[in-house]
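Novice: Structure file coords-v7.cif, mmCIF, C-alpha atoms and all ligand atoms, is pasted below:
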```cif
data_data
#
loop_
_atom_site.label_atom_id
_atom_site.label_comp_id
_atom_site.auth_asym_id
_atom_site.auth_seq_id
_atom_site.Cartn_x
_atom_site.Cartn_y
_atom_site.Cartn_z
CA MET A 1 -56.27 -32.53 -4.45
CA ARG A 2 -54.01 -31.87 -7.39
CA LEU A 3 -54.41 -35.36 -8.68
CA LYS A 4 -58.15 -35.24 -8.36
CA TYR A 5 -58.21 -31.93 -10.22
CA SER A 6 -56.13 -33.16 -13.13
CA GLY A 7 -58.23 -36.27 -13.15
CA ARG A 8 -61.30 -34.12 -13.74
CA ILE A 9 -59.59 -32.20 -16.51
CA ASN A 10 -58.72 -35.47 -18.16
CA GLU A 11 -62.31 -36.56 -17.85
CA PHE A 12 -63.51 -33.32 -19.48
CA THR A 13 -60.94 -33.67 -22.24
CA ARG A 14 -61.98 -37.25 -22.80
CA LEU A 15 -65.66 -36.26 -23.03
CA ALA A 16 -64.89 -33.29 -25.27
CA ASN A 17 -62.83 -35.50 -27.56
CA MET A 18 -65.61 -38.04 -27.60
CA ASN A 19 -68.09 -35.36 -28.72
CA ILE A 20 -65.78 -34.15 -31.44
CA GLY A 21 -65.35 -37.77 -32.46
CA LEU A 22 -69.11 -38.26 -32.53
CA GLU A 23 -69.69 -35.14 -34.60
CA LYS A 24 -67.07 -36.29 -37.05
CA ILE A 25 -68.57 -39.75 -37.27
CA ILE A 26 -72.00 -38.25 -37.97
CA ARG A 27 -70.61 -35.77 -40.50
CA ASN A 28 -68.70 -38.48 -42.33
CA ALA A 29 -71.61 -40.90 -42.50
CA GLU A 30 -73.16 -41.39 -45.91
CA LYS A 31 -76.51 -39.59 -46.21
CA VAL A 32 -79.30 -41.95 -47.19
CA SER A 33 -83.00 -42.46 -46.65
CA VAL A 34 -84.90 -45.73 -46.96
CA HIS A 35 -88.28 -44.08 -46.61
CA GLY A 36 -89.14 -40.69 -48.06
CA GLY A 37 -90.04 -38.59 -51.04
CA HIS A 38 -93.77 -38.36 -50.48
CA SER A 39 -94.82 -35.40 -52.62
CA GLY A 40 -97.84 -33.14 -52.93
CA GLN A 41 -98.00 -34.27 -56.52
CA PHE A 42 -98.97 -37.80 -55.50
CA CYS A 43 -100.05 -37.58 -51.86
CA GLN A 44 -102.79 -35.43 -50.34
CA HIS A 45 -101.00 -34.88 -46.99
CA ALA A 46 -97.65 -33.92 -48.58
CA GLN A 47 -96.40 -30.80 -50.36
CA ASP A 48 -94.24 -29.87 -53.37
CA ASP A 49 -93.57 -31.77 -56.55
CA LEU A 50 -91.48 -34.91 -56.70
CA GLU A 51 -88.68 -33.48 -58.83
CA SER A 52 -88.08 -30.57 -56.41
CA ILE A 53 -87.92 -33.03 -53.55
CA ILE A 54 -85.34 -35.14 -55.38
CA GLN A 55 -83.34 -31.96 -56.07
CA ALA A 56 -83.46 -31.20 -52.33
CA TYR A 57 -81.95 -34.62 -51.61
CA ILE A 58 -79.19 -33.90 -54.12
CA GLU A 59 -78.49 -30.46 -52.60
CA GLN A 60 -78.20 -32.00 -49.15
CA GLY A 61 -75.66 -34.51 -50.39
CA PHE A 62 -77.69 -37.71 -50.15
CA THR A 63 -76.01 -40.52 -52.07
CA TRP A 64 -79.04 -42.75 -52.39
CA VAL A 65 -82.65 -42.45 -51.44
CA GLY A 66 -85.73 -44.63 -51.59
CA ILE A 67 -88.72 -42.79 -52.98
CA THR A 68 -91.57 -44.58 -51.30
CA GLU A 69 -94.96 -43.07 -52.06
CA HIS A 70 -98.04 -44.48 -50.32
CA ILE A 71 -100.08 -46.88 -52.41
CA PRO A 72 -103.50 -45.51 -53.38
CA PRO A 73 -106.51 -46.72 -51.37
CA ILE A 74 -108.21 -49.88 -52.58
CA SER A 75 -111.67 -48.25 -52.43
CA ASP A 76 -113.35 -44.96 -51.57
CA LYS A 77 -114.14 -46.39 -48.15
CA MET A 78 -110.43 -46.70 -47.32
CA ARG A 79 -109.61 -43.09 -48.19
CA TYR A 80 -108.26 -40.81 -45.49
CA PRO A 81 -110.69 -38.02 -44.54
CA ASP A 82 -108.52 -35.36 -46.24
CA GLU A 83 -108.66 -37.32 -49.49
CA ALA A 84 -112.43 -37.67 -49.26
CA GLU A 85 -112.83 -33.96 -48.41
CA ALA A 86 -110.71 -33.01 -51.40
CA GLY A 87 -113.05 -35.10 -53.55
CA LEU A 88 -110.31 -37.53 -54.66
CA SER A 89 -111.78 -40.87 -55.61
CA ALA A 90 -109.85 -44.10 -55.09
CA GLU A 91 -109.98 -44.57 -58.85
CA PHE A 92 -108.40 -41.14 -59.43
CA MET A 93 -105.61 -41.91 -56.97
CA GLN A 94 -105.02 -45.30 -58.60
CA GLN A 95 -104.60 -43.54 -61.96
CA ARG A 96 -102.32 -40.97 -60.37
CA PHE A 97 -100.17 -43.81 -59.06
CA VAL A 98 -99.49 -44.89 -62.64
CA GLU A 99 -98.16 -41.38 -63.23
CA TYR A 100 -96.05 -41.64 -60.04
CA PHE A 101 -94.25 -44.66 -61.41
CA ARG A 102 -93.81 -43.20 -64.87
CA LEU A 103 -92.34 -39.96 -63.51
CA GLY A 104 -90.35 -41.79 -60.83
CA ARG A 105 -88.57 -43.94 -63.44
CA ASP A 106 -87.91 -40.83 -65.58
CA LEU A 107 -86.39 -38.95 -62.64
CA GLN A 108 -84.39 -42.02 -61.62
CA ASN A 109 -82.70 -41.88 -65.03
CA LYS A 110 -82.51 -38.10 -65.29
CA TYR A 111 -80.60 -37.71 -62.01
CA ALA A 112 -78.68 -41.01 -62.14
CA ASN A 113 -75.28 -39.28 -62.17
CA GLN A 114 -76.14 -37.17 -59.11
CA ILE A 115 -78.05 -39.51 -56.85
CA GLU A 116 -79.13 -43.13 -56.83
CA ILE A 117 -82.89 -43.27 -56.62
CA LEU A 118 -84.61 -46.47 -55.68
CA LEU A 119 -88.24 -46.37 -56.67
CA ALA A 120 -90.41 -48.13 -54.14
CA PHE A 121 -93.77 -47.81 -52.47
CA GLU A 122 -95.21 -47.97 -49.00
CA ILE A 123 -97.81 -50.70 -48.70
CA GLU A 124 -100.91 -50.66 -46.53
CA THR A 125 -102.22 -53.39 -44.31
CA TYR A 126 -105.97 -53.76 -43.93
CA SER A 127 -108.68 -56.23 -44.81
CA GLY A 128 -108.71 -56.82 -48.58
CA ALA A 129 -105.30 -55.19 -49.13
CA LYS A 130 -103.33 -58.43 -49.61
CA ASP A 131 -104.38 -59.31 -53.17
CA TYR A 132 -104.54 -55.64 -54.10
CA VAL A 133 -100.91 -55.08 -53.01
CA HIS A 134 -99.76 -58.20 -54.85
CA GLY A 135 -101.47 -56.80 -57.93
CA LEU A 136 -99.66 -53.46 -57.56
CA ILE A 137 -96.31 -55.21 -57.17
CA LYS A 138 -96.93 -57.15 -60.36
CA GLN A 139 -98.10 -54.08 -62.24
CA PHE A 140 -95.42 -51.59 -61.17
CA GLN A 141 -92.44 -53.78 -60.23
CA PRO A 142 -91.08 -51.49 -57.52
CA ASP A 143 -87.40 -51.73 -56.54
CA TYR A 144 -88.48 -52.70 -53.04
CA LEU A 145 -91.36 -52.49 -50.59
CA VAL A 146 -91.77 -50.48 -47.43
CA GLY A 147 -93.97 -52.52 -45.11
CA SER A 148 -96.36 -50.35 -43.15
CA LEU A 149 -99.52 -50.39 -41.14
CA HIS A 150 -101.51 -47.22 -40.78
CA HIS A 151 -104.71 -49.07 -39.79
CA VAL A 152 -105.77 -51.46 -37.09
CA ASN A 153 -109.06 -53.31 -37.66
CA GLY A 154 -109.60 -51.02 -40.64
CA ILE A 155 -109.34 -47.80 -38.60
CA GLY A 156 -106.56 -45.26 -39.21
CA ILE A 157 -104.18 -45.03 -36.24
CA ASP A 158 -101.92 -42.12 -37.17
CA TYR A 159 -104.36 -39.76 -38.87
CA ASN A 160 -105.54 -38.00 -35.71
CA LYS A 161 -106.36 -38.57 -32.06
CA GLU A 162 -110.07 -39.11 -32.72
CA HIS A 163 -109.44 -41.95 -35.14
CA TYR A 164 -106.91 -43.42 -32.75
CA GLN A 165 -109.56 -43.40 -30.01
CA LEU A 166 -111.94 -45.24 -32.34
CA ALA A 167 -109.31 -47.89 -33.00
CA LEU A 168 -108.66 -48.14 -29.26
CA ALA A 169 -112.38 -48.58 -28.53
CA GLN A 170 -112.60 -51.27 -31.21
CA SER A 171 -109.73 -53.23 -29.66
CA GLY A 172 -111.04 -52.71 -26.13
CA SER A 173 -107.81 -51.76 -24.35
CA MET A 174 -104.47 -50.16 -25.11
CA VAL A 175 -102.59 -53.45 -24.67
CA GLN A 176 -105.04 -55.18 -27.00
CA LEU A 177 -104.68 -52.38 -29.57
CA TYR A 178 -100.90 -52.92 -29.58
CA CYS A 179 -101.43 -56.69 -29.82
CA ASP A 180 -103.80 -56.27 -32.78
CA TYR A 181 -101.26 -53.96 -34.45
CA PHE A 182 -98.28 -56.28 -33.95
CA ASP A 183 -100.29 -59.36 -35.02
CA SER A 184 -101.35 -57.58 -38.18
CA GLN A 185 -97.75 -56.47 -38.74
CA PHE A 186 -96.57 -60.05 -38.37
CA ALA A 187 -99.07 -61.24 -40.98
CA MET A 188 -97.85 -58.43 -43.29
CA LEU A 189 -94.21 -59.43 -42.73
CA GLN A 190 -94.93 -63.06 -43.53
CA GLU A 191 -96.95 -62.19 -46.61
CA PHE A 192 -94.64 -59.62 -48.20
CA CYS A 193 -91.26 -59.84 -46.50
CA PRO A 194 -90.72 -56.12 -47.29
CA ALA A 195 -87.06 -55.05 -47.56
CA VAL A 196 -87.82 -52.14 -45.21
CA VAL A 197 -90.14 -52.26 -42.21
CA ALA A 198 -91.51 -48.78 -41.63
CA HIS A 199 -92.01 -47.00 -38.31
CA PHE A 200 -92.15 -50.31 -36.42
CA ASP A 201 -94.10 -49.02 -33.41
CA LEU A 202 -96.30 -46.41 -35.07
CA ILE A 203 -99.06 -47.74 -32.83
CA ARG A 204 -97.65 -45.53 -30.07
CA ALA A 205 -98.51 -42.38 -32.07
CA PHE A 206 -101.22 -41.15 -29.68
CA ASP A 207 -100.38 -43.11 -26.54
CA PRO A 208 -98.57 -40.84 -24.05
CA ALA A 209 -97.88 -43.87 -21.82
CA TYR A 210 -96.33 -45.88 -24.65
CA LEU A 211 -93.25 -46.89 -22.67
CA SER A 212 -95.46 -48.57 -20.13
CA THR A 213 -97.67 -50.21 -22.79
CA LEU A 214 -94.59 -51.47 -24.61
CA SER A 215 -93.34 -53.07 -21.41
CA ASP A 216 -96.44 -55.24 -20.99
CA PRO A 217 -95.32 -58.89 -21.21
CA VAL A 218 -97.94 -59.75 -23.84
CA VAL A 219 -96.80 -56.86 -26.03
CA ILE A 220 -93.12 -57.70 -25.49
CA GLU A 221 -93.73 -61.23 -26.75
CA LYS A 222 -95.24 -59.96 -30.00
CA VAL A 223 -92.53 -57.32 -30.49
CA ASP A 224 -89.86 -60.01 -30.03
CA ARG A 225 -91.58 -62.36 -32.47
CA ASN A 226 -91.74 -59.63 -35.14
CA LEU A 227 -88.15 -58.53 -34.56
CA ASN A 228 -87.00 -62.15 -34.82
CA PHE A 229 -88.68 -62.41 -38.20
CA ILE A 230 -86.99 -59.20 -39.32
CA ALA A 231 -83.60 -60.45 -38.09
CA GLU A 232 -83.96 -63.90 -39.67
CA ASN A 233 -84.90 -62.43 -43.03
CA LYS A 234 -82.30 -59.65 -42.85
CA LEU A 235 -84.90 -56.94 -43.35
CA ILE A 236 -84.09 -53.32 -42.59
CA LEU A 237 -85.75 -51.35 -39.82
CA ASP A 238 -86.72 -47.83 -40.82
CA PHE A 239 -85.10 -45.57 -38.20
CA ASN A 240 -87.91 -43.12 -38.75
CA LEU A 241 -86.87 -39.55 -38.07
CA ARG A 242 -90.39 -38.20 -38.20
CA GLY A 243 -90.90 -39.36 -34.62
CA PHE A 244 -88.73 -36.45 -33.42
CA ASP A 245 -91.23 -33.95 -34.85
CA LYS A 246 -93.62 -34.40 -31.97
CA GLY A 247 -90.84 -33.64 -29.52
CA LEU A 248 -90.53 -37.33 -28.91
CA GLU A 249 -88.11 -39.90 -30.20
CA GLN A 250 -87.70 -41.82 -33.41
CA TYR A 251 -89.66 -44.90 -34.41
CA PRO A 252 -88.82 -47.46 -33.15
CA SER A 253 -88.63 -46.14 -29.61
CA LEU A 254 -85.56 -46.80 -27.51
CA PRO A 255 -86.49 -50.12 -25.83
CA ILE A 256 -87.27 -51.65 -29.25
CA LEU A 257 -84.21 -50.06 -30.80
CA LYS A 258 -81.99 -51.74 -28.22
CA LYS A 259 -83.61 -55.11 -28.84
CA ALA A 260 -83.16 -54.66 -32.59
CA MET A 261 -79.48 -53.90 -32.07
CA ALA A 262 -79.04 -56.98 -29.90
CA LYS A 263 -80.54 -59.02 -32.75
CA GLU A 264 -78.15 -57.33 -35.22
CA ILE A 265 -80.96 -55.87 -37.29
CA ALA A 266 -79.88 -53.16 -39.73
CA LEU A 267 -81.21 -49.73 -38.76
CA LEU A 268 -81.31 -47.15 -41.52
CA PRO A 269 -82.47 -43.54 -41.48
CA GLY A 270 -85.83 -42.85 -43.05
CA ASP A 271 -86.56 -39.13 -43.11
CA ASP A 272 -90.13 -39.89 -44.24
CA SER A 273 -90.09 -36.56 -46.08
CA HIS A 274 -93.43 -35.15 -47.17
CA SER A 275 -92.12 -31.83 -48.61
CA ILE A 276 -88.90 -30.05 -49.62
CA LYS A 277 -88.44 -28.67 -46.15
CA SER A 278 -88.80 -32.05 -44.48
CA VAL A 279 -86.03 -33.61 -46.60
CA GLY A 280 -83.25 -34.70 -44.25
CA ARG A 281 -84.93 -33.23 -41.20
CA ASN A 282 -83.79 -34.50 -37.78
CA TYR A 283 -80.95 -36.29 -39.56
CA GLU A 284 -78.12 -35.30 -37.20
CA ALA A 285 -80.28 -35.83 -34.12
CA GLY A 286 -81.16 -39.29 -35.35
CA LEU A 287 -77.61 -40.25 -36.19
CA ALA A 288 -76.46 -39.03 -32.81
CA VAL A 289 -78.89 -41.47 -31.18
CA LEU A 290 -77.58 -44.32 -33.32
CA ALA A 291 -73.93 -43.39 -32.81
CA ASN A 292 -74.40 -43.02 -29.06
CA LEU A 293 -75.86 -46.50 -28.92
CA GLY A 294 -72.92 -47.80 -30.88
CA ALA A 295 -75.01 -48.74 -33.92
CA SER A 296 -73.33 -48.97 -37.28
CA LEU A 297 -73.52 -45.91 -39.54
CA GLU A 298 -72.51 -47.97 -42.54
CA TRP A 299 -75.73 -48.55 -44.35
CA GLN A 300 -76.99 -51.73 -45.94
CA LYS A 301 -78.96 -51.06 -49.10
CA PRO A 302 -82.46 -52.57 -49.27
CA ALA A 303 -82.52 -55.86 -51.17
CA GLN A 304 -84.08 -55.17 -54.55
CA LEU A 305 -86.95 -57.25 -55.84
CA LYS A 306 -86.27 -59.45 -58.86
CA TYR A 307 -88.81 -59.83 -61.66
ZN ZN A 401 -97.53 -39.96 -45.65
ZN ZN A 402 -95.93 -44.44 -43.19
#
```
Would you kindly transcribe this structure into structure tokens?
Ligand SMILES: [Zn+2]
Ligand SMILES: [Zn+2]
Specialist:
Amino acid sequence: MRLKYSGRINEFTRLANMNIGLEKIIRNAEKVSVHGGHSGQFCQHAQDDLESIIQAYIEQGFTWVGITEHIPPISDKMRYPDEAEAGLSAEFMQQRFVEYFRLGRDLQNKYANQIEILLAFEIETYSGAKDYVHGLIKQFQPDYLVGSLHHVNGIGIDYNKEHYQLALAQSGSMVQLYCDYFDSQFAMLQEFCPAVVAHFDLIRAFDPAYLSTLSDPVVIEKVDRNLNFIAENKLILDFNLRGFDKGLEQYPSLPILKKAMAKEIALLPGDDSHSIKSVGRNYEAGLAVLANLGASLEWQKPAQLKY
């Protein structure tokens, strides 16, 4: 009885010590973001100006951060509904993107002794985007690319539930929608080899049964293929903290996260901030997930493009 009792105390002490250890590990980890800094200045669905957002990163003690604004749409047809409603033409947004780069480079220099800013952008994947994105890379020479898909068969998948349903109807079934997404992602990976792969399984955004869809053998095969490409090319997976906002988990979801770890893929926090108040949000919760899984909290910086 006595022995059993002390055994339990030891177990509690061990767990308590482990938690203190975990907290310390999280607190001591360098604060970084590979995907963030969307601002109301340059993005219709974000708030606040870019400089204030950078100042927020500095205040929170981030050592380096990738500012990764969305590229402008290729045409009016590819605008998001909020952009169309606000009367923003694709041409206007393309001009504004010039200003994004000009200001981004200025701020990179201005705050160089307080924070390392990497100036990047988040690419889009849809029909016709390939040459357009290559043109933007040539024109702006970003420090790196964030490889994203927000469309499947030309239909937005994370804008709202209605659009998601349209994309689902177009693909014909949930499994096929995931397959279309991961095939398109694979083509994007091969074409651009982006240093950071954003929200890997964003396709689950409006699928409440995503764990079951992700466990379909056909989907698993495509996920594995894409992760193998990421591993072979030493790309970084955006451990996207925005996923926690919906009361869910990060992107990529746990089963994919575990596979990525087994393949020794670097996982880095991306706060995907879209305002001052979303800078660094869910950071501790995210790091706790990584630390609990035994993932490294020593961050690999995205490989910078050479020109
Ligand atoms: Zn955004
Ligand atoms: Zn995104």
Novice: Which value, in Å to one decimal, gives the distance between atom CA of A:Arg281 and atom CA of A:Leu241?
Specialist: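 Going from atom CA of A:Arg281 over to atom CA of A:Leu241, I get 7.3 Å.
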Novice: Do you know which residues are within 7 Å of ligand ZN 402 (chain A) using all atoms listed in the file? Can you write them as a PDB file with C-alpha atoms, in the coordinates of the input?
Specialist:
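That gives us result_18.pdb:
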```pdb
ATOM      1  CA  GLU A 122     -95.210 -47.970 -49.000  1.00  0.00           C
ATOM      2  CA  SER A 148     -96.360 -50.350 -43.150  1.00  0.00           C
ATOM      3  CA  HIS A 150    -101.510 -47.220 -40.780  1.00  0.00           C
ATOM      4  CA  ALA A 198     -91.510 -48.780 -41.630  1.00  0.00           C
ATOM      5  CA  HIS A 199     -92.010 -47.000 -38.310  1.00  0.00           C
TER       6      HIS A 199
END
```
Novice: Between atom CA of A:Val34 and atom CA of A:Arg79, what is the distance, to one decimal in Å?
Specialist: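 Computing it gives 24.9 Å between the two atoms.
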Novice: Within 8 Å of ligand ZN 401 (chain A), counting only C-alpha atoms and all ligand atoms: which residues, as a PyMOL selection string?
Specialist: chain A and resi 38+43+45-46+69-70+272+274
Novice: Save the residues we just selected, C-alpha atoms, as a short mmCIF file (atom, residue, chain, number, x, y, z; two decimals), keeping the file's coordinate frame?
Specialist:
```
data_model
loop_
_atom_site.label_atom_id
_atom_site.label_comp_id
_atom_site.auth_asym_id
_atom_site.auth_seq_id
_atom_site.Cartn_x
_atom_site.Cartn_y
_atom_site.Cartn_z
CA HIS A 38 -93.77 -38.36 -50.48
CA CYS A 43 -100.05 -37.58 -51.86
CA HIS A 45 -101.00 -34.88 -46.99
CA ALA A 46 -97.65 -33.92 -48.58
CA GLU A 69 -94.96 -43.07 -52.06
CA HIS A 70 -98.04 -44.48 -50.32
CA ASP A 272 -90.13 -39.89 -44.24
CA HIS A 274 -93.43 -35.15 -47.17
#
```
Novice: Which one of A:Asn153, A:Asn240, A:Asn160, A:Asn292 sits closest to A:Pro252 if you count only C-alpha atoms?
Specialist: A:Asn240
Novice: Which distance in Å separates atom CA of A:Leu237 and atom CA of A:Ala260, to one decimal?
Specialist: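 We find that atom CA of A:Leu237 and atom CA of A:Ala260 lie 8.4 Å from each other.
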Novice: For A:Tyr57, which of A:Leu248, A:Leu254, A:Met188, A:Val32 is the closest residue, counting all atoms listed in the file?
Specialist: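 Going through A:Leu248, A:Leu254, A:Met188, A:Val32 one by one, the smallest distance to A:Tyr57 is for A:Val32.
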Novice: Write out as a PyMOL selection string which residues come within 7 Å of stretch 171-187 of chain A when counting all atoms listed in the file, dropping same-chain ones fewer than 6 positions away.
Specialist: chain A and resi 149+152+203+213+219+222-223+226
Novice: If you count all atoms listed in the file, which residues fall within 10 Å of A:Gly156, apart from same-chain ones fewer than 4 positions away, as a list in words?
Specialist: Met78, Arg79, Tyr80, Pro81, Tyr126, Leu149, His150, His151, Val152, Asn160, Lys161, Glu162, His163, Tyr164, Gln165, Leu166 and Ala167 of chain A
Novice: Measuring between all atoms listed in the file, which one of A:Pro73, A:Ile115, A:Ser33, A:Ile230 shows the shortest distance to A:Gly154?
Specialist: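 When distances to A:Gly154 are compared using all atoms listed in the file, the smallest one comes from A:Pro73.
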Novice: Neighbours of A:Val289 within 12 Å (all atoms listed in the file; same-chain residues fewer than 3 positions away dropped), as a PyMOL selection string?
Specialist: chain A and resi 22-23+26+239-241+244+249-254+257-258+267+269+282-286+292-297
Novice: Tell me which of A:Glu232, A:Ile220, A:Glu91, A:Leu50 sits closest to A:Asp106, counting all atoms listed in the file.
Specialist: A:Leu50
Novice: If you count only C-alpha atoms, which residues fall within 7 Å of A:Pro72, apart from same-chain ones fewer than 2 positions away, as a ChimeraX atom specification?
Specialist: /A:70,74,90,93-94,97
Novice: Using all atoms of stretch 207-216 of chain A that appear in the file, construct an axis-aligned enclosing box with 8 Å of padding on every side and provide its centre coordinates and edge lengths in Å, rounded to one decimal, as AutoDock Vina command-line options.
Specialist:
```
--center_x -96.8 --center_y -48.0 --center_z -23.3 --size_x 23.1 --size_y 30.4 --size_z 22.4
```
Novice: Between A:Ile71, A:Ser215, A:Phe92, A:Ser275, which one has atoms that come closest to A:Ile137, using only C-alpha atoms?
Specialist: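 Smallest separation from A:Ile137 among the options: A:Ile71.
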Novice: Excluding A:Ala195 and residues on its chain fewer than 6 positions from it, collect all residues at most 9 Å away from it, counting all atoms listed in the file, and give them as a list in words.
Specialist: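 So, after excluding close chain neighbours, the residues are Tyr144, Leu145, Val146, Gly147, Asn233, Lys234, Leu235, Ile236, Leu237, Pro302, Ala303, Gln304 and Leu305 of chain A.
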Novice: Please supply stretch 190-203 of chain A, rebuilt with N, CA and C atoms, as a PDB file, in the frame of the given file.
Specialist:
```pdb
ATOM      1  N   GLN A 190     -94.952 -61.723 -42.949  1.00  0.00           N
ATOM      2  CA  GLN A 190     -94.930 -63.060 -43.530  1.00  0.00           C
ATOM      3  C   GLN A 190     -95.388 -63.057 -44.984  1.00  0.00           C
ATOM      4  N   GLU A 191     -96.376 -62.223 -45.267  1.00  0.00           N
ATOM      5  CA  GLU A 191     -96.950 -62.190 -46.610  1.00  0.00           C
ATOM      6  C   GLU A 191     -96.005 -61.532 -47.626  1.00  0.00           C
ATOM      7  N   PHE A 192     -95.379 -60.417 -47.221  1.00  0.00           N
ATOM      8  CA  PHE A 192     -94.640 -59.620 -48.200  1.00  0.00           C
ATOM      9  C   PHE A 192     -93.130 -59.566 -47.981  1.00  0.00           C
ATOM     10  N   CYS A 193     -92.683 -59.913 -46.804  1.00  0.00           N
ATOM     11  CA  CYS A 193     -91.260 -59.840 -46.500  1.00  0.00           C
ATOM     12  C   CYS A 193     -90.642 -58.541 -47.053  1.00  0.00           C
ATOM     13  N   PRO A 194     -91.184 -57.386 -46.689  1.00  0.00           N
ATOM     14  CA  PRO A 194     -90.720 -56.120 -47.290  1.00  0.00           C
ATOM     15  C   PRO A 194     -89.270 -55.828 -46.890  1.00  0.00           C
ATOM     16  N   ALA A 195     -88.479 -55.317 -47.839  1.00  0.00           N
ATOM     17  CA  ALA A 195     -87.060 -55.050 -47.560  1.00  0.00           C
ATOM     18  C   ALA A 195     -86.905 -54.058 -46.409  1.00  0.00           C
ATOM     19  N   VAL A 196     -87.872 -53.148 -46.283  1.00  0.00           N
ATOM     20  CA  VAL A 196     -87.820 -52.140 -45.210  1.00  0.00           C
ATOM     21  C   VAL A 196     -89.116 -52.201 -44.400  1.00  0.00           C
ATOM     22  N   VAL A 197     -88.966 -52.266 -43.083  1.00  0.00           N
ATOM     23  CA  VAL A 197     -90.140 -52.260 -42.210  1.00  0.00           C
ATOM     24  C   VAL A 197     -90.276 -50.861 -41.622  1.00  0.00           C
ATOM     25  N   ALA A 198     -91.358 -50.192 -41.983  1.00  0.00           N
ATOM     26  CA  ALA A 198     -91.510 -48.780 -41.630  1.00  0.00           C
ATOM     27  C   ALA A 198     -91.994 -48.577 -40.201  1.00  0.00           C
ATOM     28  N   HIS A 199     -91.566 -47.450 -39.645  1.00  0.00           N
ATOM     29  CA  HIS A 199     -92.010 -47.000 -38.310  1.00  0.00           C
ATOM     30  C   HIS A 199     -92.641 -48.144 -37.490  1.00  0.00           C
ATOM     31  N   PHE A 200     -91.769 -49.034 -37.035  1.00  0.00           N
ATOM     32  CA  PHE A 200     -92.150 -50.310 -36.420  1.00  0.00           C
ATOM     33  C   PHE A 200     -93.242 -50.179 -35.353  1.00  0.00           C
ATOM     34  N   ASP A 201     -93.118 -49.145 -34.495  1.00  0.00           N
ATOM     35  CA  ASP A 201     -94.100 -49.020 -33.410  1.00  0.00           C
ATOM     36  C   ASP A 201     -94.962 -47.767 -33.580  1.00  0.00           C
ATOM     37  N   LEU A 202     -95.424 -47.562 -34.803  1.00  0.00           N
ATOM     38  CA  LEU A 202     -96.300 -46.410 -35.070  1.00  0.00           C
ATOM     39  C   LEU A 202     -97.536 -46.433 -34.169  1.00  0.00           C
ATOM     40  N   ILE A 203     -97.883 -47.590 -33.689  1.00  0.00           N
ATOM     41  CA  ILE A 203     -99.060 -47.740 -32.830  1.00  0.00           C
ATOM     42  C   ILE A 203     -98.973 -46.855 -31.578  1.00  0.00           C
TER      43      ILE A 203
END
```
